[in-house]
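**Q** Please find one structure pasted underneath; my questions will follow.
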Amino acid sequence: MISVLSATPISPVHPITNVVPLSLVLLVSLIKEAFEDWKRFHNDKVINSTPIDVLQGQKWESIPWKKLQVGDIVRVKQDGFFPADLLFLSSSNPDGVCYIETANLDGETNLKIRKALERTWDYFTPDKAAEFKGEIQCEQPNNSLYTFTGNLIFQKQTLPLSPNQILLRGCSLRNTEFIVGAVIFTGHETKVMMNAMNVPSKRSTLERKLDKLILTLFGALFTMCLVGAIGSGIFINRKFYYLGLDEGVEDQFNPRNRFVVAILTMFTLITLYSTIIPISLYVSIEMIKFIQSTQFINKDLCMYHVETDTPALARTSNLNEELGQVEYIFSDKTGTLTRNLMEFFKCSIGGEVYGNGITEIERGSAQRNGTTLGEVQKSTTTVHEKGFNFDDARLMQGAWRNEPNPEACKEFFRCLAICHTVLPEGDESPEKIKYQAASPDEAALVIAAKNFGLFFYRRTPTTIMVRESHVEKMGKVQDVSYEVLNVLEFNSTRKRQSVICRYPDGRVVLYCKGADSVIFERLADGQSGIKNLTRENLEQFGSSGLRTLCLAYRDLSINHYESWNEKFIQAKSSLRDREKKLDEVADIIEKDLILIGCTAIEDKLQDGVPSCIETLSKAGIKIWVLTGDKMETAINIAYACSLINNNMKQFVISSDTDAIREVENRGDSVETARFIQDTVKQELKKCLEEAQHCLSTASGQKLALVIDGKCLMYALDPSLRGHLLNLSLNCTSVVCCRVSPLQKAQVTSLVKNGARKITLSIGDGANDVSMIQAAHVGVGISGLEGMQAVMASDFAIAQFRFLTDLLLVHGRWSYHRLSKVITYFFYKNLTFTLTQFWFTFQTGFSGQRFYDDWFQSLYNVIFTALPVIILGCLTRMLVLHFLRGILSYTKRE
């Protein structure tokens with residue numbers, strides 16, 4: 001607007017001097033955007049031109065990816081990437097399987113197995129593939145990476161399709177010479193492209209305040225112009241006849257029309273005083289933030305993790321100064337506070353506890369109680385490898401056969417060896433084999449089975465091969481092939497995994513492993529003894545900070561299994577609500593289980609976590625832990641992290657009480673919900689009153705809140721949310737256990753929107769993405785659970801302890817520096833413009849300029865730009881140089 005005004009006769013400055021600075025500022029932004037667009041265009045061009053073999057007639061011809069169409073038959077070779085979402089028809093492997101890596105999709109480097117439908121295994125040669133005629137009925141394109149619902153109508157038969165037959169664009173083929181597939185979705189309809197949505201735009205608090213300050217400056221500019229316009233209307237008077245103002249044709253200085261004079265003078269002064277608005281401020285701030293991110297945060301050796309060769313990474317430069325204002329941190333536990341390097345540590349079989357080790361949590365607990373724990377003497381049979389840190393001579397090298405319940409031990413080991421989705425890789429020897437697992441927990445359990453004498457060494461789509469030692473009799477080793485009939489996969493809703501297998505002698509068994517809360521409610525009657533013993537063992541393991549899983553099995557009759565399998569096949573074939581129907585069918589057979597025991601896996605704390613949390617607490621930052629683990633485990637981890645100590649008053653709101661269990665046993669879901677809601681309401685009010693009383697006393701005792709997911713679900717209800725927020729804000733530490741990913745995001749949003757405080761979320765897994773995106777600042781830890789958290793984050797670090805440097809060094813410095821930059825900008829622009837304003841009073845409010853045109857225009861954009869940028873980047877260095885200068889001068893004097 002000011003540039004347009006400068007081109008009119010009322011402007012006191014030449015139009016070019018206004019257009020040039022504006023163009024310079026826009027040019028910098030345009031070049032930046034154009035460079036990023038060009039990089040995207042170049043990447044798109046390279047990817048779209050990648051060659052792929054497509055069936056043309058009866059031979060393979062190479063065409064670029066961009067020419068692919070739905071229905072094409074393609075061949076992908078080993079280590080090649082899938083160009084579209086494909087239906088897997090056949091592979092070079094005779095059993096119709098292939099191995100894929102999904103690192104580009106979810107960051108996980110573990111290989112996944114995919115299996116083609118048996119009816120399409122033969123279509124892998126060009127002449128045979130040319131005969132393939134079928135029709136695919138499937139869901140519309142969507143962004144769900146882990147689900148697919150469809151049917152293949154082939155040779156007048158309807159064959160159900162599942163994610164097991166789908167190869168998604170972005171994945172790559174491994175350990176398989178080639179595969180043949182049919183294109184289902186291409187381009188923007190592929191699942192990976194449907195997931196490529198923009199990350200929620202986050203603006204820092206400083207930027208929002210800056211917007212308000214700029215509006216204030218506009219108000220100041222308008223006021224100055226109004227004062228000048230009124231002064232001009234008063235000054236233009238007939239008594240100044242000797243100036244000859246009424247002789248000209250211009251209305252701007254015509255004393256007969258003072259109103260027009262005032263209006264035109266106002267527009268003149270807007271052009272003259274326009275330098276008060278710092279048009280280059282946003283560009284300068286962007287440059288400063290970019291330098292802070294790329295040169296300071298990304299290259300900080302204090303945040304470089306040597307073991308994994310991982311530096312810190314600022315994925316956005318918009319939020320540097322926000323790091324220095326964080327008041328609340330929401331942290332995941334597993335992989336964030338702990339290492340996510342799972343080791344099989346203890347177990348309970350038939351109610352008997354095995355394993356002699358002492359965990360870090362137990363040592364920390366002993367220190368709190370004023371006692372010390374000595375070192376445990378290692379037995380001669382101790383084996384320690386990655387994933388296995390178990391020491392108990394009663395189970396090693398076949399010694400379990402002498403235990404009171406050897407049959408339970410045998411079923412326990414078989415469940416570990418069979419109930420999983422792990423893929424073996426490399427030599428089929430116990431020393432050299434490697435396991436590719438979806439999670440470190442699963443790998444640890446299979447490694448444990450290997451060390452107990454049941455070595456899982458080979459998998460096909462229909463069989464699991466296990467080399468069993470000491471099972472039939474001591475010293476005997478035999479290879480046993482178990483036929484896998486069905487796999488009921490783990491998900492966050494089911495919280496369990498089951499495998500139905502057939503023994504060589506025809507016995508059909510369902511093995512199930514999962515969370516204790518899920519397994520216990522599916523046990524057959526008459527197991528109260530082992531159930532109570534196992535529950536006590538679970539509590540003992542939880543208090544030691546160990547992660548637990550329960551194991552159970554069930555023998556199935558052939559008739560019962562076959563009638564159930566028909567329902568399972570129908571559920572697999574349904575196009576609508578397939579996942580829901582599969583869960584319902586799984587519930588039918590996953591009952592009347594026989595409890596075998598439970599496993600306990602140790603996940604050690606990351607280095608420096610307790611001292612990091614202590615430092616952040618001293619800085620006035622409140623830390624909340626949101627985890628899916630049991631309450632006992634979460635509380636003990638909180639103690640080990642110095643998040644909770646014995647001097648704090650703890651408020652525990654749990655659904656695991658006798659009163660709630662009694663109501664749940666009646667089976668009325670409505671009554672249960674109402675009872676838990678009333679209980680939570682009473683507990684929140686009682687805790688809030690106690691908290692206010694504690695804070696009002698002179699002692700000022702610190703408070704901690706522990707709440708589980710079931711109670712949290714009701715506490716987040718709009719009617720109770722206010723009570724929860726008030727109680728939480730009065731607590732120094734909050735631990736939420738057994739929470740879902742959605743609840744993590746809801747708790748974060750509660751504090752972010754309810755308390756109006758700056759929040760930071762930190763996590764390492766896909767279940768932390770919603771929490772990371774909900775907070776003002778999201779930090780991802782590049783760990784073992786893939787890269788989804790990092791891809792959704794604003795900053796990425798390798799270890800939780802680096803949070804100290806990120807917040808208290810880089811965040812604090814960035815905040816101070818940018819604050820000084822903004823005040824510096826406002827000071828220099830106000831000084832420059834107010835000089836012109838005072839001069840206006842001496843020129844009869846005529847709009848006469850005090851400065852040269854070019855000096856006035858380039859003052860803000862060029863002449864004073866560099867000092868501000870240097871100040872924004874190197875404040876600390878400038879202060880040090882200044883102090884050194886003073887010291888050296890003093891010495892000379």
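We label chains A, B, ... in the order they appear in the structure tokens, count residues from 1 in each chain, and number ligands from 1 in the order shown.
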Please identify all polymer residues within 8 Å of Asp53 (chain A), counting only C-alpha atoms, omitting same-chain residues fewer than 3 positions from it, and present them as a list in words.
**A**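 My reading of the contact set: Trp60, Glu61, Ser62, Ile63, Val74, Arg75 and Val76 of chain A.
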**Q** So that I can check the secondary structure, give me every residue of region 708-828 of chain A assigned helix (DSSP H, G or I) by backbone DSSP, as a PyMOL selection string.
**A** chain A and resi 709-715+718-729+741-754+766-774+788-792+800-828
**Q** Rank nothing, just name the residue among A:Ile758, A:Val769, A:Phe651, A:Ile660 nearest to Leu724 (chain A), using only C-alpha atoms.
**A**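 With only C-alpha atoms as the atom set, the closest residue is A:Phe651.
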**Q** Between A:Ser782, A:Ser544, A:Ser793, A:Asn298, which has the minimum distance to Ile637 (chain A) (counting only C-alpha atoms)?
**A**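 Among the listed residues, the smallest separation from Ile637 (chain A) belongs to A:Ser544.
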**Q** Return the single residue from A:Tyr511, A:Phe490, A:Trp400, A:Tyr639 that is closest to Tyr553 (chain A), with distances computed using only C-alpha atoms.
**A** A:Tyr511
**Q** Please provide the set of residues having any atom within 12 Å of Gln157 (chain A), restricted to only C-alpha atoms, with same-chain residues fewer than 6 positions apart removed, written as a list in words.
**A** Arg119, Gly134, Glu135, Ile136, Asn151 and Ser573 of chain A
**Q** For the selection just defined, write its residues with C-alpha atoms to a file, as a PDB file, in the first residue's frame.
**A**
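Once written, selection04.pdb looks like this:
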ATOM      1  CA  ARG A 119      -3.770 -69.985  -5.983  1.00  0.00           C
ATOM      2  CA  GLY A 134      -8.940 -61.688 -12.123  1.00  0.00           C
ATOM      3  CA  GLU A 135     -11.020 -58.981 -10.525  1.00  0.00           C
ATOM      4  CA  ILE A 136     -10.115 -57.163  -7.297  1.00  0.00           C
ATOM      5  CA  ASN A 151     -11.289 -59.889  -2.257  1.00  0.00           C
ATOM      6  CA  SER A 573     -13.444 -62.332   3.631  1.00  0.00           C
TER       7      SER A 573
END
**Q** Please list as a PyMOL selection string every residue within 12 Å of Lys476 (chain A), counting only C-alpha atoms and excluding residues in the same chain fewer than 2 positions away.
**A** chain A and resi 397-398+453-454+467-474+478-479
**Q** Taking N, CA and C atoms for each residue, export the selection above as a PDB file, in the first residue's frame.
**A**
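As written to disk, result.pdb reads:
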ATOM      1  N   GLN A 397      20.218 -75.741  30.697  1.00  0.00           N
ATOM      2  CA  GLN A 397      20.813 -77.015  30.243  1.00  0.00           C
ATOM      3  C   GLN A 397      19.975 -78.233  30.623  1.00  0.00           C
ATOM      4  N   GLY A 398      18.653 -78.074  30.514  1.00  0.00           N
ATOM      5  CA  GLY A 398      17.748 -79.194  30.758  1.00  0.00           C
ATOM      6  C   GLY A 398      17.484 -79.487  32.214  1.00  0.00           C
ATOM      7  N   GLY A 453      16.611 -74.279  25.479  1.00  0.00           N
ATOM      8  CA  GLY A 453      16.684 -75.563  24.780  1.00  0.00           C
ATOM      9  C   GLY A 453      15.707 -75.730  23.640  1.00  0.00           C
ATOM     10  N   LEU A 454      14.890 -74.725  23.330  1.00  0.00           N
ATOM     11  CA  LEU A 454      13.983 -74.804  22.181  1.00  0.00           C
ATOM     12  C   LEU A 454      14.396 -73.719  21.187  1.00  0.00           C
ATOM     13  N   ARG A 467      14.402 -76.613  17.000  1.00  0.00           N
ATOM     14  CA  ARG A 467      15.344 -77.664  17.396  1.00  0.00           C
ATOM     15  C   ARG A 467      15.261 -77.799  18.915  1.00  0.00           C
ATOM     16  N   GLU A 468      14.697 -78.928  19.379  1.00  0.00           N
ATOM     17  CA  GLU A 468      14.398 -79.102  20.796  1.00  0.00           C
ATOM     18  C   GLU A 468      15.444 -79.961  21.487  1.00  0.00           C
ATOM     19  N   SER A 469      15.960 -79.462  22.594  1.00  0.00           N
ATOM     20  CA  SER A 469      16.955 -80.209  23.387  1.00  0.00           C
ATOM     21  C   SER A 469      16.352 -80.589  24.734  1.00  0.00           C
ATOM     22  N   HIS A 470      16.612 -81.775  25.178  1.00  0.00           N
ATOM     23  CA  HIS A 470      16.241 -82.264  26.521  1.00  0.00           C
ATOM     24  C   HIS A 470      14.728 -82.361  26.728  1.00  0.00           C
ATOM     25  N   VAL A 471      13.907 -82.293  25.653  1.00  0.00           N
ATOM     26  CA  VAL A 471      12.455 -82.282  25.859  1.00  0.00           C
ATOM     27  C   VAL A 471      11.925 -83.697  26.082  1.00  0.00           C
ATOM     28  N   GLU A 472      12.267 -84.612  25.168  1.00  0.00           N
ATOM     29  CA  GLU A 472      11.801 -85.992  25.320  1.00  0.00           C
ATOM     30  C   GLU A 472      12.572 -86.699  26.446  1.00  0.00           C
ATOM     31  N   LYS A 473      13.892 -86.540  26.375  1.00  0.00           N
ATOM     32  CA  LYS A 473      14.733 -87.047  27.468  1.00  0.00           C
ATOM     33  C   LYS A 473      16.038 -86.261  27.475  1.00  0.00           C
ATOM     34  N   MET A 474      16.730 -86.287  28.584  1.00  0.00           N
ATOM     35  CA  MET A 474      17.954 -85.498  28.742  1.00  0.00           C
ATOM     36  C   MET A 474      18.976 -85.853  27.656  1.00  0.00           C
ATOM     37  N   GLN A 478      16.261 -82.924  18.767  1.00  0.00           N
ATOM     38  CA  GLN A 478      15.468 -83.287  17.587  1.00  0.00           C
ATOM     39  C   GLN A 478      14.864 -82.035  16.957  1.00  0.00           C
ATOM     40  N   ASP A 479      14.716 -82.073  15.640  1.00  0.00           N
ATOM     41  CA  ASP A 479      14.078 -80.976  14.919  1.00  0.00           C
ATOM     42  C   ASP A 479      12.593 -81.290  14.775  1.00  0.00           C
TER      43      ASP A 479
END
**Q** If I take CA of Pro867 (chain A) and CA of Asp852 (chain A), how far is one from the other in Å, to one decimal?
**A**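 That distance, rounded to one decimal, is 21.9 Å.
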**Q** What does the distance from CA of Cys736 (chain A) to CA of Lys630 (chain A) come to in Å, to one decimal?
**A**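 So the two atoms, CA of Cys736 (chain A) and CA of Lys630 (chain A), lie 9.7 Å apart.
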**Q** Write out as JSON, numbers by chain each polymer residue whose atoms come within 10 Å of Asn730 (chain A), counting only C-alpha atoms; drop sequence neighbours fewer than 5 positions from it.
**A** {"A": [688, 691, 692, 695, 702, 703, 704, 705, 725]}
**Q** Residues within 8 Å of region 329-345 of chain A, please, as a PyMOL selection string. Count only C-alpha atoms; anything in the same chain fewer than 3 positions from it doesn't count.
**A** chain A and resi 326+355+357+386-391+440-441+444-445+448+599-606+609+621-627+748+759-765+768+781+783-785+799-800
**Q** Residues of the last selection are to be written out with N, CA and C atoms, as a short mmCIF file (atom, residue, chain, number, x, y, z; two decimals), in the first residue's frame.
**A**
data_model
loop_
_atom_site.label_atom_id
_atom_site.label_comp_id
_atom_site.auth_asym_id
_atom_site.auth_seq_id
_atom_site.Cartn_x
_atom_site.Cartn_y
_atom_site.Cartn_z
N VAL A 326 9.60 -23.49 28.00
CA VAL A 326 8.83 -24.69 28.36
C VAL A 326 8.63 -24.77 29.87
N GLY A 355 15.05 -66.91 38.41
CA GLY A 355 15.88 -65.76 38.06
C GLY A 355 16.42 -65.10 39.32
N GLY A 357 18.73 -62.32 39.40
CA GLY A 357 19.33 -60.99 39.22
C GLY A 357 18.65 -59.91 40.06
N LYS A 386 22.97 -60.53 24.11
CA LYS A 386 22.04 -59.43 23.91
C LYS A 386 20.61 -59.98 23.88
N GLY A 387 19.76 -59.51 24.78
CA GLY A 387 18.38 -59.97 24.87
C GLY A 387 18.15 -61.02 25.95
N PHE A 388 19.24 -61.51 26.57
CA PHE A 388 19.10 -62.57 27.58
C PHE A 388 20.08 -62.31 28.71
N ASN A 389 19.54 -62.01 29.89
CA ASN A 389 20.38 -61.75 31.07
C ASN A 389 19.78 -62.51 32.26
N PHE A 390 19.60 -63.82 32.04
CA PHE A 390 18.90 -64.67 33.01
C PHE A 390 19.91 -65.56 33.71
N ASP A 391 19.76 -65.70 35.02
CA ASP A 391 20.70 -66.53 35.78
C ASP A 391 19.93 -67.36 36.79
N PRO A 440 11.59 -55.27 20.40
CA PRO A 440 12.67 -55.92 21.15
C PRO A 440 12.16 -56.95 22.15
N ASP A 441 10.92 -56.76 22.67
CA ASP A 441 10.34 -57.73 23.62
C ASP A 441 10.26 -59.12 22.99
N ALA A 444 13.58 -60.83 22.55
CA ALA A 444 14.10 -61.29 23.85
C ALA A 444 13.46 -62.62 24.25
N LEU A 445 12.16 -62.78 23.99
CA LEU A 445 11.46 -64.02 24.38
C LEU A 445 11.93 -65.21 23.53
N ALA A 448 15.31 -66.21 24.66
CA ALA A 448 15.17 -66.97 25.92
C ALA A 448 14.83 -68.42 25.63
N THR A 599 6.47 -63.85 32.06
CA THR A 599 7.85 -63.47 31.81
C THR A 599 8.10 -62.08 32.38
N ALA A 600 9.35 -61.79 32.72
CA ALA A 600 9.73 -60.47 33.22
C ALA A 600 10.97 -60.01 32.46
N ILE A 601 10.83 -58.91 31.75
CA ILE A 601 11.90 -58.40 30.90
C ILE A 601 12.39 -57.07 31.46
N GLU A 602 13.71 -56.91 31.53
CA GLU A 602 14.28 -55.68 32.07
C GLU A 602 14.57 -54.69 30.94
N ASP A 603 14.20 -53.45 31.18
CA ASP A 603 14.52 -52.36 30.26
C ASP A 603 15.22 -51.29 31.08
N LYS A 604 16.54 -51.23 31.00
CA LYS A 604 17.32 -50.36 31.89
C LYS A 604 17.13 -48.88 31.54
N LEU A 605 17.33 -48.05 32.57
CA LEU A 605 17.25 -46.60 32.37
C LEU A 605 18.37 -46.13 31.45
N GLN A 606 18.08 -45.09 30.65
CA GLN A 606 19.13 -44.48 29.85
C GLN A 606 20.13 -43.76 30.77
N VAL A 609 19.57 -40.04 32.95
CA VAL A 609 18.16 -39.62 33.08
C VAL A 609 17.86 -39.00 34.44
N ILE A 621 10.79 -26.61 35.78
CA ILE A 621 10.00 -27.33 34.77
C ILE A 621 9.36 -28.55 35.43
N LYS A 622 8.07 -28.74 35.19
CA LYS A 622 7.36 -29.88 35.76
C LYS A 622 7.32 -31.01 34.72
N ILE A 623 7.59 -32.22 35.19
CA ILE A 623 7.71 -33.37 34.28
C ILE A 623 6.62 -34.39 34.58
N TRP A 624 5.91 -34.79 33.52
CA TRP A 624 4.87 -35.81 33.61
C TRP A 624 5.32 -37.03 32.81
N VAL A 625 5.07 -38.21 33.34
CA VAL A 625 5.37 -39.45 32.61
C VAL A 625 4.04 -40.10 32.21
N LEU A 626 3.88 -40.35 30.91
CA LEU A 626 2.67 -40.98 30.39
C LEU A 626 3.09 -42.31 29.78
N THR A 627 2.66 -43.41 30.36
CA THR A 627 3.13 -44.73 29.91
C THR A 627 1.99 -45.74 29.86
N THR A 748 -1.99 -33.92 27.23
CA THR A 748 -1.14 -32.82 26.74
C THR A 748 -1.99 -31.60 26.38
N THR A 759 4.13 -26.23 26.54
CA THR A 759 4.29 -27.67 26.79
C THR A 759 5.26 -28.29 25.79
N LEU A 760 5.94 -29.35 26.23
CA LEU A 760 6.84 -30.11 25.36
C LEU A 760 6.54 -31.59 25.56
N SER A 761 6.40 -32.32 24.45
CA SER A 761 6.19 -33.77 24.53
C SER A 761 7.40 -34.47 23.93
N ILE A 762 7.82 -35.56 24.57
CA ILE A 762 8.98 -36.30 24.08
C ILE A 762 8.66 -37.79 24.07
N GLY A 763 8.95 -38.46 22.97
CA GLY A 763 8.68 -39.89 22.85
C GLY A 763 9.48 -40.49 21.72
N ASP A 764 9.44 -41.83 21.60
CA ASP A 764 10.26 -42.48 20.58
C ASP A 764 9.48 -43.41 19.67
N GLY A 765 8.20 -43.64 19.94
CA GLY A 765 7.46 -44.63 19.16
C GLY A 765 6.26 -44.05 18.42
N ASP A 768 3.50 -42.39 20.30
CA ASP A 768 3.72 -41.06 20.88
C ASP A 768 3.46 -39.93 19.90
N ILE A 781 12.73 -39.09 19.92
CA ILE A 781 13.99 -39.77 20.23
C ILE A 781 14.23 -40.83 19.16
N GLY A 783 15.26 -43.89 18.35
CA GLY A 783 15.61 -45.10 19.09
C GLY A 783 15.34 -46.35 18.28
N LEU A 784 14.86 -47.41 18.97
CA LEU A 784 14.66 -48.71 18.34
C LEU A 784 13.24 -48.93 17.85
N GLU A 785 12.33 -48.00 18.09
CA GLU A 785 10.93 -48.21 17.72
C GLU A 785 10.58 -47.52 16.40
N GLN A 799 19.12 -39.18 22.97
CA GLN A 799 18.99 -39.60 24.35
C GLN A 799 18.20 -38.55 25.13
N PHE A 800 17.45 -39.02 26.13
CA PHE A 800 16.64 -38.10 26.94
C PHE A 800 17.51 -37.06 27.64
#
**Q** Which of region 583-676 of chain A end up as strand (DSSP E) when DSSP is run on this backbone - answer as a list in words?
**A**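 Output for region 583-676 of chain A, strand (DSSP E) only: Ile594, Leu595, Ile596, Gly597, Cys598, Thr599, Ala600, Ile601, Glu602, Lys622, Ile623, Trp624, Val625, Leu626, Lys649, Gln650, Phe651, Val652 and Ile653 of chain A.
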**Q** From the set A:Pro461, A:Gly233, A:Gly620, A:Pro424, which residue has the shortest atom-to-atom contact distance to Ser733 (chain A), counting only C-alpha atoms?
**A**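 When distances to Ser733 (chain A) are compared using only C-alpha atoms, the smallest one comes from A:Gly620.
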**Q** Could you tell me which of A:Ser749, A:Arg502, A:Ala766, A:Gly545 comes closest to Tyr561 (chain A) if we count only C-alpha atoms?
**A**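 Result for the nearest residue to Tyr561 (chain A): A:Arg502.
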**Q** Considering only C-alpha atoms, return as a list in words whatever protein or nucleic-acid residues lie within 9 Å of Thr147 (chain A), sequence-local ones (same chain, fewer than 3 positions apart) excluded.
**A**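 The residues that qualify are Ser144, Ser162, Pro163 and Glu579 of chain A.
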**Q** So what do you get for CA of Leu281 (chain A) versus CA of Lys32 (chain A), distance-wise?
**A**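 Going from CA of Leu281 (chain A) over to CA of Lys32 (chain A) covers 16.2 Å.
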**Q** Pick out the closest residue to Leu834 (chain A) from this set: A:Phe850, A:Thr732, A:Thr534, A:Pro51. Count only C-alpha atoms.
**A**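 Going through A:Phe850, A:Thr732, A:Thr534, A:Pro51 one by one, the smallest distance to Leu834 (chain A) is for A:Phe850.
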